[in-house]
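Text of protein-v4.csv, listed as CSV, C-alpha atoms:
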chain,number,residue,atom,x,y,z
J,6,MET,CA,101.7,12.6,119.2
J,7,SER,CA,99.3,12.6,116.2
J,8,TYR,CA,97.1,15.6,115.5
J,9,ARG,CA,95.7,17.6,112.6
J,10,LEU,CA,95.7,21.4,112.4
J,11,LEU,CA,92.6,23.1,111.1
J,12,THR,CA,90.3,26.1,111.3
J,13,PHE,CA,86.7,25.7,112.5
J,14,GLN,CA,83.8,28.0,113.1
J,15,SER,CA,83.2,28.8,116.8
J,16,GLY,CA,80.2,31.1,117.1
J,17,ARG,CA,81.0,34.1,115.0
J,18,ASP,CA,84.7,33.5,115.1
J,19,ALA,CA,87.1,31.4,113.1
J,20,ARG,CA,89.4,29.6,115.4
J,21,ALA,CA,92.5,27.4,115.0
J,22,GLY,CA,91.9,23.9,116.3
J,23,ILE,CA,93.8,20.6,116.7
J,24,LEU,CA,92.0,17.4,115.8
J,25,VAL,CA,92.8,14.5,118.1
J,26,GLY,CA,90.9,11.4,117.2
J,27,GLU,CA,87.4,12.6,116.3
J,28,GLU,CA,87.5,15.7,118.6
J,29,ILE,CA,88.5,19.3,117.8
J,30,TYR,CA,90.2,21.3,120.6
J,31,ASP,CA,90.8,25.0,120.5
J,32,ALA,CA,94.5,25.4,119.7
J,33,ALA,CA,95.0,28.6,121.8
J,34,ARG,CA,93.2,27.2,124.8
J,35,VAL,CA,94.9,23.8,125.0
J,36,THR,CA,98.4,25.5,124.7
J,37,ALA,CA,97.6,28.7,126.7
J,38,THR,CA,99.0,30.7,123.8
J,39,ALA,CA,96.8,33.4,122.5
J,40,ALA,CA,98.8,33.7,119.2
J,41,TYR,CA,97.7,30.2,118.2
J,42,SER,CA,94.1,31.3,117.9
J,43,THR,CA,94.7,31.3,114.2
J,44,VAL,CA,96.5,28.8,112.0
J,45,LEU,CA,98.6,31.7,110.5
J,46,GLY,CA,99.6,32.7,114.0
J,47,ALA,CA,100.8,29.1,114.7
J,48,LEU,CA,102.6,28.9,111.4
J,49,GLN,CA,104.5,32.1,112.2
J,50,ASP,CA,105.9,30.4,115.3
J,51,TRP,CA,105.9,26.9,113.9
J,52,ALA,CA,108.7,25.1,115.7
J,53,LYS,CA,107.3,26.0,119.1
J,54,ALA,CA,103.6,25.6,118.0
J,55,ASN,CA,104.2,22.2,116.6
J,56,LYS,CA,105.8,21.0,119.8
J,57,ALA,CA,103.0,22.5,121.9
J,58,PHE,CA,100.3,20.9,119.8
J,59,LYS,CA,102.0,17.5,120.0
J,60,GLU,CA,102.3,17.8,123.8
J,61,ALA,CA,98.6,18.9,124.1
J,62,ALA,CA,97.5,16.0,121.9
J,63,ALA,CA,99.5,13.6,124.2
J,64,ARG,CA,97.8,15.0,127.3
J,65,ILE,CA,94.4,14.6,125.7
J,66,GLU,CA,95.0,11.1,124.5
J,67,SER,CA,96.4,10.0,127.9
J,68,GLY,CA,93.3,11.5,129.7
J,69,LYS,CA,95.5,14.1,131.6
J,70,SER,CA,93.8,17.1,130.0
J,71,ARG,CA,90.5,18.7,131.1
J,72,ALA,CA,90.0,20.3,127.7
J,73,VAL,CA,86.6,19.9,126.2
J,74,GLY,CA,86.5,19.2,122.5
J,75,THR,CA,83.9,19.6,119.7
J,76,ARG,CA,82.9,16.5,117.8
J,77,LEU,CA,84.3,16.7,114.3
J,78,ALA,CA,81.0,15.5,112.8
J,79,LYS,CA,79.3,18.5,114.3
J,80,ALA,CA,81.9,21.1,113.5
J,81,LYS,CA,82.0,23.5,110.5
J,82,LEU,CA,85.4,23.4,109.0
J,83,LEU,CA,86.9,26.4,107.1
J,84,ALA,CA,90.0,26.5,104.9
J,85,PRO,CA,92.9,25.5,107.2
J,86,VAL,CA,94.7,28.8,106.6
J,87,LEU,CA,92.5,31.9,106.6
J,88,PHE,CA,94.0,33.2,104.4
J,89,PRO,CA,97.3,32.1,102.9
J,90,GLY,CA,99.9,34.7,102.2
J,91,ASP,CA,100.8,33.8,98.6
J,92,ILE,CA,99.6,30.8,96.6
J,93,PHE,CA,102.0,29.4,94.0
J,94,CYS,CA,100.8,26.8,91.6
J,95,ALA,CA,103.0,24.5,89.6
J,96,GLY,CA,102.0,24.3,85.9
J,97,ALA,CA,102.4,21.2,83.7
J,98,ASN,CA,104.1,19.2,86.5
J,99,TYR,CA,102.9,15.6,86.2
J,100,ARG,CA,104.2,13.5,83.3
J,101,ASP,CA,100.8,11.8,82.7
J,102,HIS,CA,99.0,15.2,82.7
J,103,VAL,CA,101.5,16.8,80.2
J,104,ALA,CA,100.9,13.9,77.8
J,105,GLU,CA,97.2,14.2,78.3
J,106,MET,CA,97.1,17.9,77.5
J,107,ASP,CA,99.4,17.4,74.5
J,108,ARG,CA,96.9,14.8,73.1
J,109,ALA,CA,94.0,17.1,73.8
J,110,GLN,CA,95.7,19.7,71.5
J,111,GLY,CA,96.4,17.1,68.8
J,112,LYS,CA,100.1,16.9,69.6
J,113,GLU,CA,102.3,13.9,70.1
J,114,PRO,CA,103.5,13.8,73.8
J,115,GLY,CA,107.1,15.1,73.9
J,116,PRO,CA,109.8,15.7,76.5
J,117,THR,CA,108.9,17.5,79.7
J,118,MET,CA,110.5,20.8,80.8
J,119,LYS,CA,112.8,18.9,83.2
J,120,ASP,CA,113.8,16.6,80.3
J,121,LEU,CA,114.7,19.8,78.4
J,122,GLY,CA,116.8,21.1,81.3
J,123,GLN,CA,114.3,23.8,82.3
J,124,LYS,CA,113.3,24.8,85.9
J,125,PRO,CA,109.9,24.6,87.6
J,126,TRP,CA,107.3,27.0,86.4
J,127,HIS,CA,104.6,28.5,88.5
J,128,PHE,CA,101.6,30.9,88.3
J,129,VAL,CA,99.8,32.5,91.3
J,130,LYS,CA,96.2,32.4,92.6
J,131,THR,CA,94.6,35.1,94.7
J,132,SER,CA,94.2,34.3,98.3
J,133,ARG,CA,91.2,36.1,99.9
J,134,SER,CA,89.0,35.7,96.8
J,135,SER,CA,90.0,32.2,95.7
J,136,VAL,CA,90.3,30.3,98.9
J,137,VAL,CA,87.3,28.3,100.3
J,138,GLY,CA,87.1,25.4,102.7
J,139,PRO,CA,85.5,22.0,103.0
J,140,ASN,CA,81.9,21.7,101.8
J,141,ALA,CA,82.0,25.1,100.2
J,142,VAL,CA,79.7,25.9,97.3
J,143,VAL,CA,81.7,27.3,94.4
J,144,LYS,CA,79.7,29.3,91.9
J,145,ILE,CA,80.7,28.8,88.3
J,146,PRO,CA,81.2,32.2,86.7
J,147,ALA,CA,78.4,33.1,84.3
J,148,TRP,CA,80.9,33.5,81.4
J,149,SER,CA,82.5,30.0,81.8
J,150,LYS,CA,81.2,26.8,80.3
J,151,ASN,CA,84.4,24.9,80.7
J,152,MET,CA,85.1,24.6,84.4
J,153,ASP,CA,87.7,22.0,85.2
J,154,TRP,CA,89.0,20.2,88.3
J,155,GLU,CA,92.6,19.6,89.3
J,156,ILE,CA,93.5,17.7,92.5
J,157,GLU,CA,96.8,18.9,94.0
J,158,LEU,CA,99.0,18.1,97.0
J,159,ALA,CA,99.6,21.4,98.7
J,160,ALA,CA,102.7,22.3,100.8
J,161,VAL,CA,102.2,24.8,103.6
J,162,ILE,CA,105.3,26.8,104.4
J,163,GLY,CA,106.2,27.1,108.1
J,164,LYS,CA,109.5,28.9,108.0
J,165,THR,CA,110.9,31.8,106.1
J,166,ALA,CA,112.7,30.5,103.0
J,167,SER,CA,115.1,32.5,100.8
J,168,ASN,CA,117.6,30.8,98.4
J,169,VAL,CA,117.0,27.4,99.9
J,170,SER,CA,118.6,24.3,98.4
J,171,ALA,CA,116.5,21.4,97.4
J,172,SER,CA,118.4,19.2,99.9
J,173,LYS,CA,117.0,21.3,102.8
J,174,ALA,CA,113.8,22.6,101.2
J,175,LEU,CA,111.3,20.1,102.8
J,176,SER,CA,112.4,21.3,106.3
J,177,TYR,CA,110.6,24.6,105.5
J,178,VAL,CA,107.3,22.8,105.0
J,179,ALA,CA,105.0,22.9,108.1
J,180,GLY,CA,102.6,20.4,106.7
J,181,TRP,CA,100.5,19.1,103.8
J,182,THR,CA,96.9,19.6,102.7
J,183,ILE,CA,94.7,19.1,99.6
J,184,ALA,CA,93.7,21.7,97.1
J,185,ASN,CA,91.5,21.8,94.0
J,186,ASP,CA,93.0,24.1,91.4
J,187,LEU,CA,89.7,24.9,89.7
J,188,SER,CA,90.3,26.2,86.2
J,189,ALA,CA,88.0,28.1,83.8
J,190,ARG,CA,89.5,26.7,80.6
J,191,ASP,CA,87.5,29.0,78.4
J,192,GLY,CA,88.9,32.0,80.3
J,193,MET,CA,92.5,31.2,79.3
J,194,ARG,CA,92.8,32.9,75.9
J,195,ARG,CA,91.7,36.4,75.1
J,196,GLU,CA,89.6,36.6,71.9
J,197,GLY,CA,91.0,38.6,69.0
J,198,VAL,CA,94.6,38.5,70.3
J,199,PRO,CA,97.1,36.3,68.4
J,200,THR,CA,98.6,33.5,70.4
J,201,SER,CA,102.0,34.9,69.5
J,202,SER,CA,101.2,38.0,71.7
J,203,PRO,CA,102.3,38.1,75.3
J,204,PHE,CA,98.8,39.4,76.0
J,205,ALA,CA,97.0,36.3,74.6
J,206,TYR,CA,96.6,34.6,77.9
J,207,ASP,CA,94.4,35.6,80.8
J,208,TRP,CA,95.6,33.8,84.0
J,209,ILE,CA,93.3,35.9,86.2
J,210,SER,CA,90.1,34.7,84.5
J,211,GLN,CA,91.2,31.1,84.3
J,212,LYS,CA,92.6,30.7,87.8
J,213,CYS,CA,91.5,33.5,90.1
J,214,PHE,CA,87.8,33.7,90.1
J,215,ASP,CA,85.9,33.6,93.4
J,216,GLY,CA,86.2,30.2,95.0
J,217,ALA,CA,88.9,29.0,92.6
J,218,CYS,CA,90.9,27.3,95.3
J,219,PRO,CA,89.1,24.9,97.7
J,220,ILE,CA,91.6,23.8,100.3
J,221,GLY,CA,91.4,21.4,103.3
J,222,PRO,CA,90.2,19.7,105.3
J,223,TRP,CA,93.2,20.2,107.5
J,224,ILE,CA,97.0,20.4,107.6
J,225,VAL,CA,98.9,17.2,108.4
J,226,PRO,CA,102.2,18.0,110.0
J,227,SER,CA,105.2,17.2,107.8
J,228,SER,CA,106.6,14.8,110.4
J,229,GLU,CA,103.6,12.5,109.8
J,230,ILE,CA,104.1,12.3,106.0
J,231,LYS,CA,107.2,10.2,105.6
J,232,ASN,CA,107.4,10.6,101.8
J,233,PRO,CA,105.2,13.3,100.2
J,234,HIS,CA,106.4,12.1,96.8
J,235,ASN,CA,104.7,8.7,97.0
J,236,LEU,CA,101.1,9.4,97.9
J,237,ALA,CA,98.1,8.0,96.1
J,238,MET,CA,95.6,10.6,95.0
J,239,LYS,CA,92.1,10.5,93.6
J,240,LEU,CA,89.3,12.8,92.5
J,241,TRP,CA,85.7,12.1,91.8
J,242,VAL,CA,83.0,14.1,90.2
J,243,GLY,CA,79.8,12.7,91.7
J,244,LYS,CA,80.5,9.0,91.8
J,245,GLU,CA,82.7,9.0,88.7
J,246,LEU,CA,86.4,8.6,89.3
J,247,MET,CA,88.3,11.1,87.2
J,248,GLN,CA,91.8,11.3,88.5
J,249,ASP,CA,93.7,8.4,89.9
J,250,SER,CA,97.4,8.8,90.3
J,251,ASN,CA,100.4,9.2,92.7
J,252,THR,CA,102.7,12.0,93.6
J,253,SER,CA,105.6,9.9,92.4
J,254,ASN,CA,104.5,11.1,88.9
J,255,LEU,CA,105.6,14.7,89.7
J,256,ILE,CA,108.1,16.1,87.2
J,257,PHE,CA,109.6,18.6,89.6
J,258,ASN,CA,109.2,17.4,93.2
J,259,THR,CA,108.3,19.8,96.0
J,260,ALA,CA,111.9,20.3,97.1
J,261,GLU,CA,112.9,21.4,93.6
J,262,GLN,CA,109.9,23.7,93.5
J,263,ILE,CA,110.8,25.4,96.8
J,264,GLU,CA,114.4,25.7,95.6
J,265,MET,CA,113.3,27.5,92.5
J,266,LEU,CA,110.6,29.7,94.1
J,267,SER,CA,112.9,30.8,97.0
J,268,SER,CA,115.6,31.8,94.5
J,269,ARG,CA,113.2,34.4,93.1
J,270,VAL,CA,111.0,35.4,96.1
J,271,THR,CA,111.1,34.9,99.8
J,272,LEU,CA,108.6,32.3,101.0
J,273,ARG,CA,107.0,33.1,104.3
J,274,PRO,CA,104.9,31.1,106.9
J,275,GLY,CA,101.4,30.7,105.6
J,276,ASP,CA,102.4,30.7,101.9
J,277,VAL,CA,101.0,27.6,100.0
J,278,ILE,CA,102.5,25.8,97.1
J,279,LEU,CA,100.1,23.7,94.9
J,280,THR,CA,102.5,21.2,93.4
J,281,GLY,CA,100.7,20.2,90.2
J,282,THR,CA,97.9,17.9,89.0
J,283,PRO,CA,98.0,14.5,87.4
J,284,ALA,CA,96.1,13.2,84.3
J,285,GLY,CA,92.3,12.9,84.3
J,286,VAL,CA,91.2,16.6,84.1
J,287,GLY,CA,88.1,17.6,82.2
J,288,ALA,CA,90.0,19.3,79.3
J,289,GLY,CA,91.4,15.9,78.3
J,290,ARG,CA,88.0,14.4,78.4
J,291,LYS,CA,86.0,17.3,76.9
J,292,ARG,CA,83.8,17.0,80.0
J,293,PHE,CA,83.4,19.9,82.4
J,294,LEU,CA,81.8,20.7,85.8
J,295,LYS,CA,78.1,21.5,86.0
J,296,PRO,CA,76.0,23.3,88.6
J,297,GLY,CA,74.9,20.9,91.3
J,298,GLU,CA,77.8,18.5,91.0
J,299,THR,CA,79.9,17.4,93.9
J,300,VAL,CA,83.7,17.1,93.7
J,301,LYS,CA,85.5,14.8,96.2
J,302,LEU,CA,89.3,14.8,96.5
J,303,TRP,CA,91.4,12.3,98.5
J,304,ILE,CA,95.1,12.1,99.1
J,305,GLU,CA,96.7,9.2,101.1
J,306,GLY,CA,97.8,10.2,104.6
J,307,ILE,CA,95.8,13.4,104.5
J,308,GLY,CA,92.1,12.6,104.1
J,309,GLU,CA,89.2,13.9,102.0
J,310,LEU,CA,88.1,17.3,100.8
J,311,GLU,CA,84.6,17.8,99.3
J,312,HIS,CA,82.9,20.8,97.8
J,313,LYS,CA,80.0,21.5,95.5
J,314,MET,CA,79.4,23.5,92.3
J,315,ALA,CA,76.6,25.9,91.7
The structure given in the file should be rewritten as structure tokens.
Amino acid sequence: MSYRLLTFQSGRDARAGILVGEEIYDAARVTATAAYSTVLGALQDWAKANKAFKEAAARIESGKSRAVGTRLAKAKLLAPVLFPGDIFCAGANYRDHVAEMDRAQGKEPGPTMKDLGQKPWHFVKTSRSSVVGPNAVVKIPAWSKNMDWEIELAAVIGKTASNVSASKALSYVAGWTIANDLSARDGMRREGVPTSSPFAYDWISQKCFDGACPIGPWIVPSSEIKNPHNLAMKLWVGKELMQDSNTSNLIFNTAEQIEMLSSRVTLRPGDVILTGTPAGVGAGRKRFLKPGETVKLWIEGIGELEHKMA
């Protein structure tokens, strides 16, 4: 039965909830399982939790449950996972985005890493400092004038993965959500350090400032996304459509990314993989986010995530 897994504010507490229709139900209460009071708790027992949530959703939809829900419209949603374990982000992983960034640097678009026989490449974002949820207000750091947007399909890991093959990799994904890989472009290079130096690039400043990773609004179980590599995706700044693409444009698909990552580090329930962003970012347009602007992200089959800049 269809449901969405989320985190919502209940009094002073953050609670895991399942969204059935337009009502949110406390996940621990409708399953009588205290460990499911957090989304991370559910992910750490995902096979059983997913089954229990489907059964609870079926009881609610059939009218056989006495559970009382909270209207989605009245609830305050938080980031679905408070907080992810590790956040891995795929760099330069959409063909249209790679070509766009080459042109922005005055280069002719060339072959991708995959074309050259290379493997997926990732960087990391911080978790507790970077992650914020729907309708969050993200403050642009005082030192940044080039704050960029990047819509990304995010895979949430639901089973420990080590040395997993690409053919089996998607079975380790609990579900899918939306992320904005906010990037302070002017924080990328360190002044006075030649680009030939390994110390020329500052990934912390560019990618890990407070609020750098809006995620949400919920997790859609993987069983409900038949093909994660054919989903339309769009991002607006205000009313202006900036990114309009499809996950079919990924260079390395999610399975290939999990294969590579799990060959180097054990992936654990609650880890999140941001799979890359398509063309339409601010760097290619020489147009960046300003205080007061609203960013809206949409991915087919998942929904909408919105946040503001300050």
Kindly provide the residues of segment 99-157 of chain J that approach segment 179-193 of chain J to within 9 Å, each paired with its closest atom pair and their distance in Å to one decimal, based on all atoms listed in the file, listed by chain and increasing number, as CSV.
residue,atom,partner,partner_atom,distance
J:Lys130,CA,J:Asp186,CA,9.0
J:Ile145,CA,J:Ala189,CA,8.6
J:Pro146,CA,J:Ala189,CA,8.5
J:Trp148,CA,J:Gly192,CA,8.2
J:Ser149,CA,J:Asp191,CA,6.1
J:Lys150,CA,J:Asp191,CA,6.9
J:Asn151,CA,J:Arg190,CA,5.4
J:Met152,CA,J:Ala189,CA,4.6
J:Asp153,CA,J:Ser188,CA,5.0
J:Trp154,CA,J:Leu187,CA,5.0
J:Glu155,CA,J:Asp186,CA,5.0
J:Ile156,CA,J:Asn185,CA,4.8
J:Glu157,CA,J:Ala184,CA,5.2
Just the selected residues (C-alpha atoms), exported as a CSV table (one decimal), keeping the file's coordinate frame, please.
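To be explicit, this is the file written out as result18.csv:
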chain,number,residue,atom,x,y,z
J,130,LYS,CA,96.2,32.4,92.6
J,145,ILE,CA,80.7,28.8,88.3
J,146,PRO,CA,81.2,32.2,86.7
J,148,TRP,CA,80.9,33.5,81.4
J,149,SER,CA,82.5,30.0,81.8
J,150,LYS,CA,81.2,26.8,80.3
J,151,ASN,CA,84.4,24.9,80.7
J,152,MET,CA,85.1,24.6,84.4
J,153,ASP,CA,87.7,22.0,85.2
J,154,TRP,CA,89.0,20.2,88.3
J,155,GLU,CA,92.6,19.6,89.3
J,156,ILE,CA,93.5,17.7,92.5
J,157,GLU,CA,96.8,18.9,94.0
Please provide the set of residues having any atom within 10 Å of Trp126 of chain J, restricted to only C-alpha atoms, with same-chain residues fewer than 5 positions apart removed, written as a list in words.
Phe93, Cys94, Ala95, Gly96, Ala97, Asn98, Met118, Phe257, Gln262, Met265 and Leu266 of chain J
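Atom CA of Ile29 of chain J is found 12.1 Å from atom CA of Phe58 of chain J.
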Top pick for closest residue to Glu66 of chain J, considering J:Phe88, J:Phe214, J:Tyr30, J:Phe293 and counting all atoms listed in the file
J:Tyr30
Just give me the gap between atom CA of Val225 of chain J and atom CA of Arg9 of chain J in Å, one decimal is fine.
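Value for the atom CA of Val225 of chain J-atom CA of Arg9 of chain J distance: 5.3 Å.
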In Å, with one decimal, what is the gap from atom CA of Pro283 of chain J to atom CA of His102 of chain J?
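So the answer is 4.9 Å.
With all atoms listed in the file as the atoms that count, the minimum distance from Ser67 of chain J to the choices J:Val178, J:Leu121, J:Val25, J:Val143 is reached by J:Val25.
Closest approach to Ala174 of chain J from the set J:Tyr99, J:Trp223, J:Arg292, J:Leu272 is made by J:Leu272, with distances taken over all atoms listed in the file.
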Out of J:Arg100, J:Ile304, J:Lys313, J:Gly22, which residue has the shortest atom-to-atom distance to Val73 of chain J when counting only C-alpha atoms?
J:Gly22
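Candidate residues J:Asn258, J:Glu264, J:Gly138, J:Val103 were compared for distance to Ser170 of chain J, and the nearest is J:Glu264, using all atoms listed in the file.
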Quick one: residues within 6 Å of segment 267-271 of chain J, only C-alpha atoms, excluding same-chain residues fewer than 3 positions away - as a PDB file with C-alpha atoms, in the coordinates of the input?
ATOM      1  CA  ALA J 166     112.700  30.500 103.000  1.00  0.00           C
ATOM      2  CA  SER J 167     115.100  32.500 100.800  1.00  0.00           C
ATOM      3  CA  ASN J 168     117.600  30.800  98.400  1.00  0.00           C
ATOM      4  CA  ILE J 263     110.800  25.400  96.800  1.00  0.00           C
ATOM      5  CA  GLU J 264     114.400  25.700  95.600  1.00  0.00           C
TER       6      GLU J 264
END
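Among the candidates J:His234, J:Arg108, J:Lys56, J:Arg34, the residue lying nearest to Gly74 of chain J is J:Arg34 (atoms considered: only C-alpha atoms).
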Give me, as a compact mmCIF listing (two decimals) with C-alpha atoms, in the frame of the given file, all polymer residues having an atom no more than 9 Å from Asn140 of chain J, counting all atoms listed in the file and skipping those fewer than 6 positions away in the same chain.
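Output saved as result.txt:
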# COMPACT_ATOMS: atom_id res chain seq x y z
CA LYS J 81 82.00 23.50 110.50
CA LEU J 82 85.40 23.40 109.00
CA LEU J 83 86.90 26.40 107.10
CA PRO J 219 89.10 24.90 97.70
CA LEU J 310 88.10 17.30 100.80
CA GLU J 311 84.60 17.80 99.30
CA HIS J 312 82.90 20.80 97.80
CA LYS J 313 80.00 21.50 95.50
Please provide the set of residues having any atom within 9 Å of Tyr177 of chain J, restricted to all atoms listed in the file, with same-chain residues fewer than 5 positions apart removed, written as an NGL selection string.
:J and (161-166 or 169 or 263 or 274)
